[in-house]
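Below is one structure, written out as structure tokens; the observations come after it.
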Amino acid sequence: MTYGFDTLAIHAGQAPEARTGAVVPPIYQTSTYAQDAVGSPREGYEYSRSGNPTRDALQECLAALEGGRRALAFASGLAAEDTLLRTVCRPGDHVVIPDDAYGGTYRLFARVAERWGVSWTAAKVSDVEAVRAAVEPGRTKIIWTETPTNPLLGIADIAALSSLAHDAGALLVVDNTFASPYLQQPIAHGADVVVHSTTKYIGGHSDVVGGALIVADAGLGDELAYHQNAMGAINGPFDAWLTLRGVKTLGVRMDRHCDNAERIADYLSRHSAVAQVIYPGLPDHPGHETAAKQMRRFGGMISFRAAGGEQRAVEICNRAKVFVLAESLGGVESLIEHPGQMTHASAAGSPLEVPADLVRLSVGIETVDDLLADLEQALG
Ligand SMILES: *Cc1c(COP(=O)(O)O)cnc(C)c1O
């Protein structure tokens, strides 16, 4: 019997607790576990960096939602990325990264990994030939992609990149943070590893920071689990519990995020203060057809370029009221931000620099008329 997505979100890894029948997995807020005899930890639990039942529940749930063999939950999305990078790459290796990756991902590769001898090339992931040209045969170990990308919402063809990666002997890693597993399951399209900042849609309530890796292959899962314990950037029990609490409603939240975003994208495309709306659900988006092929719907993230340049973009951000001026995304509340000066400031002067007139919206699940009215007054 295979269950549907929402059933898995609510039940996978979350069977009622054996002793009391507690319907919700308890927060095992413990660092260590009593052992019955030397060398006999109960059910393998000996120390909470190595294993914790609350974290295990979250990991099992995430593996089910992404259709992977194994999931590992980390202290943050970047902790997950770092662990992956240091498990797979050695000095002398090379990775291909998106030319509009999340700013923190770019910083990890450009300012940290490079010092350890791992080089990188940025390529437009929506252009398979550009990615192919960036691969260094024999040296490239990872093709890293986001789809949709942050913040320009480029769409990468996961199936095409996975055959390209596999022909080159590299892994295809997909950062699925923007889509969430409800809208897109990269492993089914050939990805080897899915990365999440669970801080965003999976947690969904802007109250916890976390990350995850989900893998298609059990052997890579074992290696990553070894490094998760060896490097130590684990997701804590309370954070895992909050994330599990959030993920139960992922499907219903995503549907409302998408409903609201579709209305707002349509409104913005008809507004004279907006020079360009970037939303994969719009038929004029260059990745629209690929997105339609691999995503259930088009998500809750919209970027737009303000007519009148950077100053206007900044004013719109400052004037919004229901849309909270803040970094991050994926929570129930709508957020607005200026990537050039906020989330993507670390990419300034690099190949990943974003347009100065860009505004990014994380469309929440509030009453859509209130969101439209707020944009109306902010666009002035
Ligand atoms: C936020 C984010 C990350 C980093 O995750 P943290 O939980 O903040 O460490 C990685 N990728 C994308 C696409 C993100 O939006």
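In the structure tokens, each chain is lettered A, B, ... as it comes, each chain's residues begin at 1, and ligands are numbered from 1 in order of appearance.
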
Name each residue within 8 Å of ligand 1, counting only C-alpha atoms and all ligand atoms, as an mmCIF file with C-alpha atoms, in the first residue's frame.
```cif
data_model
loop_
_atom_site.group_PDB
_atom_site.id
_atom_site.type_symbol
_atom_site.label_atom_id
_atom_site.label_comp_id
_atom_site.auth_asym_id
_atom_site.auth_seq_id
_atom_site.Cartn_x
_atom_site.Cartn_y
_atom_site.Cartn_z
ATOM 1 C CA ALA A 75 21.223 22.296 12.276
ATOM 2 C CA SER A 76 20.629 24.461 9.171
ATOM 3 C CA GLY A 77 20.447 24.221 5.410
ATOM 4 C CA LEU A 78 24.055 25.358 5.166
ATOM 5 C CA ALA A 79 25.181 22.742 7.693
ATOM 6 C CA ALA A 80 23.563 20.120 5.433
ATOM 7 C CA GLU A 81 25.317 21.574 2.375
ATOM 8 C CA ALA A 101 22.344 30.327 -6.283
ATOM 9 C CA TYR A 102 21.180 31.218 -2.793
ATOM 10 C CA GLY A 104 24.824 31.569 1.398
ATOM 11 C CA THR A 105 25.426 28.602 -0.904
ATOM 12 C CA GLU A 146 18.382 24.961 -7.463
ATOM 13 C CA THR A 149 16.563 29.352 -8.376
ATOM 14 C CA ASN A 150 16.836 32.052 -5.762
ATOM 15 C CA ASP A 175 18.282 22.297 -3.670
ATOM 16 C CA ASN A 176 14.505 21.807 -3.500
ATOM 17 C CA THR A 177 13.877 24.497 -0.881
ATOM 18 C CA PHE A 178 11.764 26.759 -3.135
ATOM 19 C CA VAL A 195 18.978 19.562 -0.217
ATOM 20 C CA HIS A 196 16.539 21.493 1.931
ATOM 21 C CA SER A 197 16.626 24.473 4.132
ATOM 22 C CA THR A 198 13.786 23.121 6.299
ATOM 23 C CA THR A 199 13.745 26.634 7.763
ATOM 24 C CA LYS A 200 11.542 27.582 4.802
ATOM 25 C CA VAL A 209 16.220 26.903 11.485
ATOM 26 C CA GLY A 210 17.154 23.525 10.022
ATOM 27 C CA GLY A 211 18.347 21.646 6.975
ATOM 28 C CA SER A 328 13.975 34.193 4.568
ATOM 29 C CA LEU A 329 10.875 32.735 2.948
#
```

**OP:** Using DSSP on the backbone coordinates, identify the residues of range 209-278 of chain A assigned to strand (DSSP E or B); present them as a list of chain:residue names.
**Re:**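 After running DSSP on the backbone, range 209-278 of chain A has strand (DSSP E or B) at A:Gly211, A:Ala212, A:Leu213, A:Ile214, A:Val215, A:Ile234, A:Val274, A:Ala275, A:Gln276, A:Val277, A:Ile278.
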
Can you write out as JSON lines which residues of range 52-168 of chain A fall within 7 Å of range 336-356 of chain A, alongside each residue's closest atom pair and its distance in Å to one decimal, counting only C-alpha atoms and ordering rows by chain and ascending residue number?
```
{"residue": "A:Asp99", "atom": "CA", "partner": "A:Leu352", "partner_atom": "CA", "distance": 5.1}
{"residue": "A:Asp100", "atom": "CA", "partner": "A:Leu352", "partner_atom": "CA", "distance": 5.1}
{"residue": "A:Gly103", "atom": "CA", "partner": "A:His344", "partner_atom": "CA", "distance": 4.8}
{"residue": "A:Arg107", "atom": "CA", "partner": "A:Ser346", "partner_atom": "CA", "distance": 6.9}
```

Next, dump the selected residues to file, keeping only N, CA, C and O atoms, as a tab-separated table (two decimals), in the first residue's frame.
```tsv
chain	number	residue	atom	x	y	z
A	99	ASP	N	24.37	30.07	-11.48
A	99	ASP	CA	24.84	31.47	-11.51
A	99	ASP	C	23.87	32.40	-10.76
A	99	ASP	O	24.11	33.59	-10.70
A	100	ASP	N	22.79	31.86	-10.20
A	100	ASP	CA	22.03	32.67	-9.25
A	100	ASP	C	21.60	31.81	-8.05
A	100	ASP	O	20.45	31.75	-7.68
A	103	GLY	N	22.50	33.05	-1.85
A	103	GLY	CA	23.74	33.76	-1.51
A	103	GLY	C	24.63	32.98	-0.55
A	103	GLY	O	25.86	32.97	-0.69
A	107	ARG	N	28.46	31.67	-1.03
A	107	ARG	CA	29.52	32.02	-0.07
A	107	ARG	C	30.25	30.76	0.42
A	107	ARG	O	31.46	30.75	0.57
```

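When only C-alpha atoms are used to measure the gap to Asp93 in chain A, the shortest distance among A:Val118, A:Leu375, A:Val368, A:Val193 belongs to A:Val118.
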
Original post:
What separation in Å, quoted to one decimal, exists between CA of Val215 in chain A and CA of Val128 in chain A?
Top reply: 22.8 Å

Original post:
Got a sec to tell me which of range 177-219 of chain A DSSP assigns to helix (DSSP H, G or I), as number ranges by chain?
Top reply: A: 180-183, 186-189, 218-219

Expected file contents, prior selection, all heavy atoms, as a PDB file, in the first residue's frame:
```
ATOM      1  N   SER A 180       9.654  22.685  -2.448  1.00  0.00           N
ATOM      2  CA  SER A 180       9.209  21.738  -1.422  1.00  0.00           C
ATOM      3  C   SER A 180       8.827  20.421  -2.099  1.00  0.00           C
ATOM      4  O   SER A 180       8.466  20.411  -3.285  1.00  0.00           O
ATOM      5  CB  SER A 180       8.029  22.256  -0.587  1.00  0.00           C
ATOM      6  OG  SER A 180       6.787  21.897  -1.184  1.00  0.00           O
ATOM      7  N   PRO A 181       8.884  19.315  -1.341  1.00  0.00           N
ATOM      8  CA  PRO A 181       8.557  18.025  -1.965  1.00  0.00           C
ATOM      9  C   PRO A 181       7.093  17.919  -2.410  1.00  0.00           C
ATOM     10  O   PRO A 181       6.762  17.050  -3.218  1.00  0.00           O
ATOM     11  CB  PRO A 181       8.872  16.995  -0.869  1.00  0.00           C
ATOM     12  CG  PRO A 181       8.966  17.766   0.397  1.00  0.00           C
ATOM     13  CD  PRO A 181       9.380  19.156   0.028  1.00  0.00           C
ATOM     14  N   TYR A 182       6.244  18.785  -1.911  1.00  0.00           N
ATOM     15  CA  TYR A 182       4.843  18.729  -2.362  1.00  0.00           C
ATOM     16  C   TYR A 182       4.741  19.109  -3.838  1.00  0.00           C
ATOM     17  O   TYR A 182       3.955  18.532  -4.588  1.00  0.00           O
ATOM     18  CB  TYR A 182       3.976  19.668  -1.515  1.00  0.00           C
ATOM     19  CG  TYR A 182       2.520  19.678  -1.940  1.00  0.00           C
ATOM     20  CD1 TYR A 182       1.704  18.561  -1.731  1.00  0.00           C
ATOM     21  CD2 TYR A 182       1.957  20.804  -2.544  1.00  0.00           C
ATOM     22  CE1 TYR A 182       0.374  18.564  -2.122  1.00  0.00           C
ATOM     23  CE2 TYR A 182       0.623  20.818  -2.929  1.00  0.00           C
ATOM     24  CZ  TYR A 182      -0.165  19.697  -2.717  1.00  0.00           C
ATOM     25  OH  TYR A 182      -1.479  19.696  -3.108  1.00  0.00           O
ATOM     26  N   LEU A 183       5.538  20.081  -4.254  1.00  0.00           N
ATOM     27  CA  LEU A 183       5.452  20.547  -5.647  1.00  0.00           C
ATOM     28  C   LEU A 183       6.414  19.823  -6.577  1.00  0.00           C
ATOM     29  O   LEU A 183       6.191  19.800  -7.784  1.00  0.00           O
ATOM     30  CB  LEU A 183       5.721  22.062  -5.725  1.00  0.00           C
ATOM     31  CG  LEU A 183       4.751  22.960  -4.961  1.00  0.00           C
ATOM     32  CD1 LEU A 183       5.132  24.424  -5.145  1.00  0.00           C
ATOM     33  CD2 LEU A 183       3.314  22.729  -5.426  1.00  0.00           C
ATOM     34  N   PRO A 186      12.651  15.755  -6.852  1.00  0.00           N
ATOM     35  CA  PRO A 186      13.766  15.627  -7.798  1.00  0.00           C
ATOM     36  C   PRO A 186      14.300  14.205  -7.963  1.00  0.00           C
ATOM     37  O   PRO A 186      14.776  13.856  -9.045  1.00  0.00           O
ATOM     38  CB  PRO A 186      14.844  16.538  -7.190  1.00  0.00           C
ATOM     39  CG  PRO A 186      14.065  17.542  -6.391  1.00  0.00           C
ATOM     40  CD  PRO A 186      12.911  16.776  -5.834  1.00  0.00           C
ATOM     41  N   ILE A 187      14.235  13.375  -6.923  1.00  0.00           N
ATOM     42  CA  ILE A 187      14.796  12.020  -7.040  1.00  0.00           C
ATOM     43  C   ILE A 187      14.050  11.234  -8.126  1.00  0.00           C
ATOM     44  O   ILE A 187      14.650  10.481  -8.889  1.00  0.00           O
ATOM     45  CB  ILE A 187      14.774  11.314  -5.664  1.00  0.00           C
ATOM     46  CG1 ILE A 187      15.838  11.961  -4.757  1.00  0.00           C
ATOM     47  CG2 ILE A 187      15.010   9.809  -5.799  1.00  0.00           C
ATOM     48  CD1 ILE A 187      15.811  11.489  -3.306  1.00  0.00           C
ATOM     49  N   ALA A 188      12.750  11.474  -8.240  1.00  0.00           N
ATOM     50  CA  ALA A 188      11.974  10.780  -9.275  1.00  0.00           C
ATOM     51  C   ALA A 188      12.419  11.192 -10.682  1.00  0.00           C
ATOM     52  O   ALA A 188      12.181  10.472 -11.648  1.00  0.00           O
ATOM     53  CB  ALA A 188      10.485  11.078  -9.092  1.00  0.00           C
ATOM     54  N   HIS A 189      13.077  12.355 -10.790  1.00  0.00           N
ATOM     55  CA  HIS A 189      13.570  12.812 -12.107  1.00  0.00           C
ATOM     56  C   HIS A 189      15.050  12.533 -12.284  1.00  0.00           C
ATOM     57  O   HIS A 189      15.670  13.056 -13.209  1.00  0.00           O
ATOM     58  CB  HIS A 189      13.296  14.311 -12.272  1.00  0.00           C
ATOM     59  CG  HIS A 189      11.830  14.653 -12.221  1.00  0.00           C
ATOM     60  ND1 HIS A 189      10.979  14.457 -13.286  1.00  0.00           N
ATOM     61  CD2 HIS A 189      11.068  15.138 -11.219  1.00  0.00           C
ATOM     62  CE1 HIS A 189       9.753  14.824 -12.947  1.00  0.00           C
ATOM     63  NE2 HIS A 189       9.779  15.242 -11.690  1.00  0.00           N
ATOM     64  N   ALA A 218      21.512   4.157  -0.909  1.00  0.00           N
ATOM     65  CA  ALA A 218      21.739   3.821   0.493  1.00  0.00           C
ATOM     66  C   ALA A 218      23.210   3.951   0.879  1.00  0.00           C
ATOM     67  O   ALA A 218      23.526   4.366   1.999  1.00  0.00           O
ATOM     68  CB  ALA A 218      21.237   2.399   0.772  1.00  0.00           C
ATOM     69  N   GLY A 219      24.115   3.629  -0.035  1.00  0.00           N
ATOM     70  CA  GLY A 219      25.548   3.716   0.268  1.00  0.00           C
ATOM     71  C   GLY A 219      25.973   5.151   0.546  1.00  0.00           C
ATOM     72  O   GLY A 219      26.674   5.435   1.526  1.00  0.00           O
TER      73      GLY A 219
END
```

**OP:** Tell me which of A:His11, A:Pro148, A:Val38, A:Glu327 sits closest to Val125 in chain A, counting only C-alpha atoms.
**Re:**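 Of the candidates, the smallest distance to Val125 in chain A is held by A:Pro148.
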
**OP:** Identify, on the basis of only C-alpha atoms, every residue whose closest approach to range 130-137 of chain A does not exceed 12 Å; exclude the query and any residue fewer than 5 positions from it along the same chain; express the result as a PyMOL selection string.
**Re:** chain A and resi 92-99+119-125+142-145+156-157+160-172

Take the selection from the previous step and output its residues with C-alpha atoms, as a short mmCIF file (atom, residue, chain, number, x, y, z; two decimals), in the first residue's frame.
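Generated output (part18.cif):
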```cif
data_model
loop_
_atom_site.label_atom_id
_atom_site.label_comp_id
_atom_site.auth_asym_id
_atom_site.auth_seq_id
_atom_site.Cartn_x
_atom_site.Cartn_y
_atom_site.Cartn_z
CA GLY A 92 41.40 19.07 -6.46
CA ASP A 93 37.72 18.36 -7.15
CA HIS A 94 35.41 20.73 -8.96
CA VAL A 95 31.72 21.58 -8.69
CA VAL A 96 29.31 23.38 -11.02
CA ILE A 97 27.01 25.79 -9.20
CA PRO A 98 24.07 27.91 -10.40
CA ASP A 99 24.84 31.47 -11.51
CA SER A 119 37.08 24.83 -7.25
CA TRP A 120 33.80 25.86 -8.84
CA THR A 121 32.30 27.27 -11.99
CA ALA A 122 29.01 29.17 -12.05
CA ALA A 123 26.67 28.27 -14.91
CA LYS A 124 23.14 29.14 -15.89
CA VAL A 125 21.31 25.99 -14.77
CA ILE A 142 28.86 17.63 -8.24
CA ILE A 143 26.47 19.49 -10.47
CA TRP A 144 24.60 21.63 -7.99
CA THR A 145 21.29 23.12 -8.94
CA ALA A 156 16.54 23.74 -14.37
CA ASP A 157 15.50 20.60 -16.24
CA ALA A 160 18.35 16.53 -18.45
CA LEU A 161 20.90 17.61 -15.83
CA SER A 162 20.81 14.21 -14.18
CA SER A 163 21.83 12.41 -17.38
CA LEU A 164 24.48 15.05 -17.98
CA ALA A 165 25.84 14.59 -14.43
CA HIS A 166 25.79 10.81 -14.62
CA ASP A 167 27.56 10.77 -18.00
CA ALA A 168 30.28 12.91 -16.38
CA GLY A 169 30.54 10.65 -13.31
CA ALA A 170 29.17 13.43 -11.09
CA LEU A 171 26.25 13.63 -8.67
CA LEU A 172 23.25 15.82 -9.39
#
```
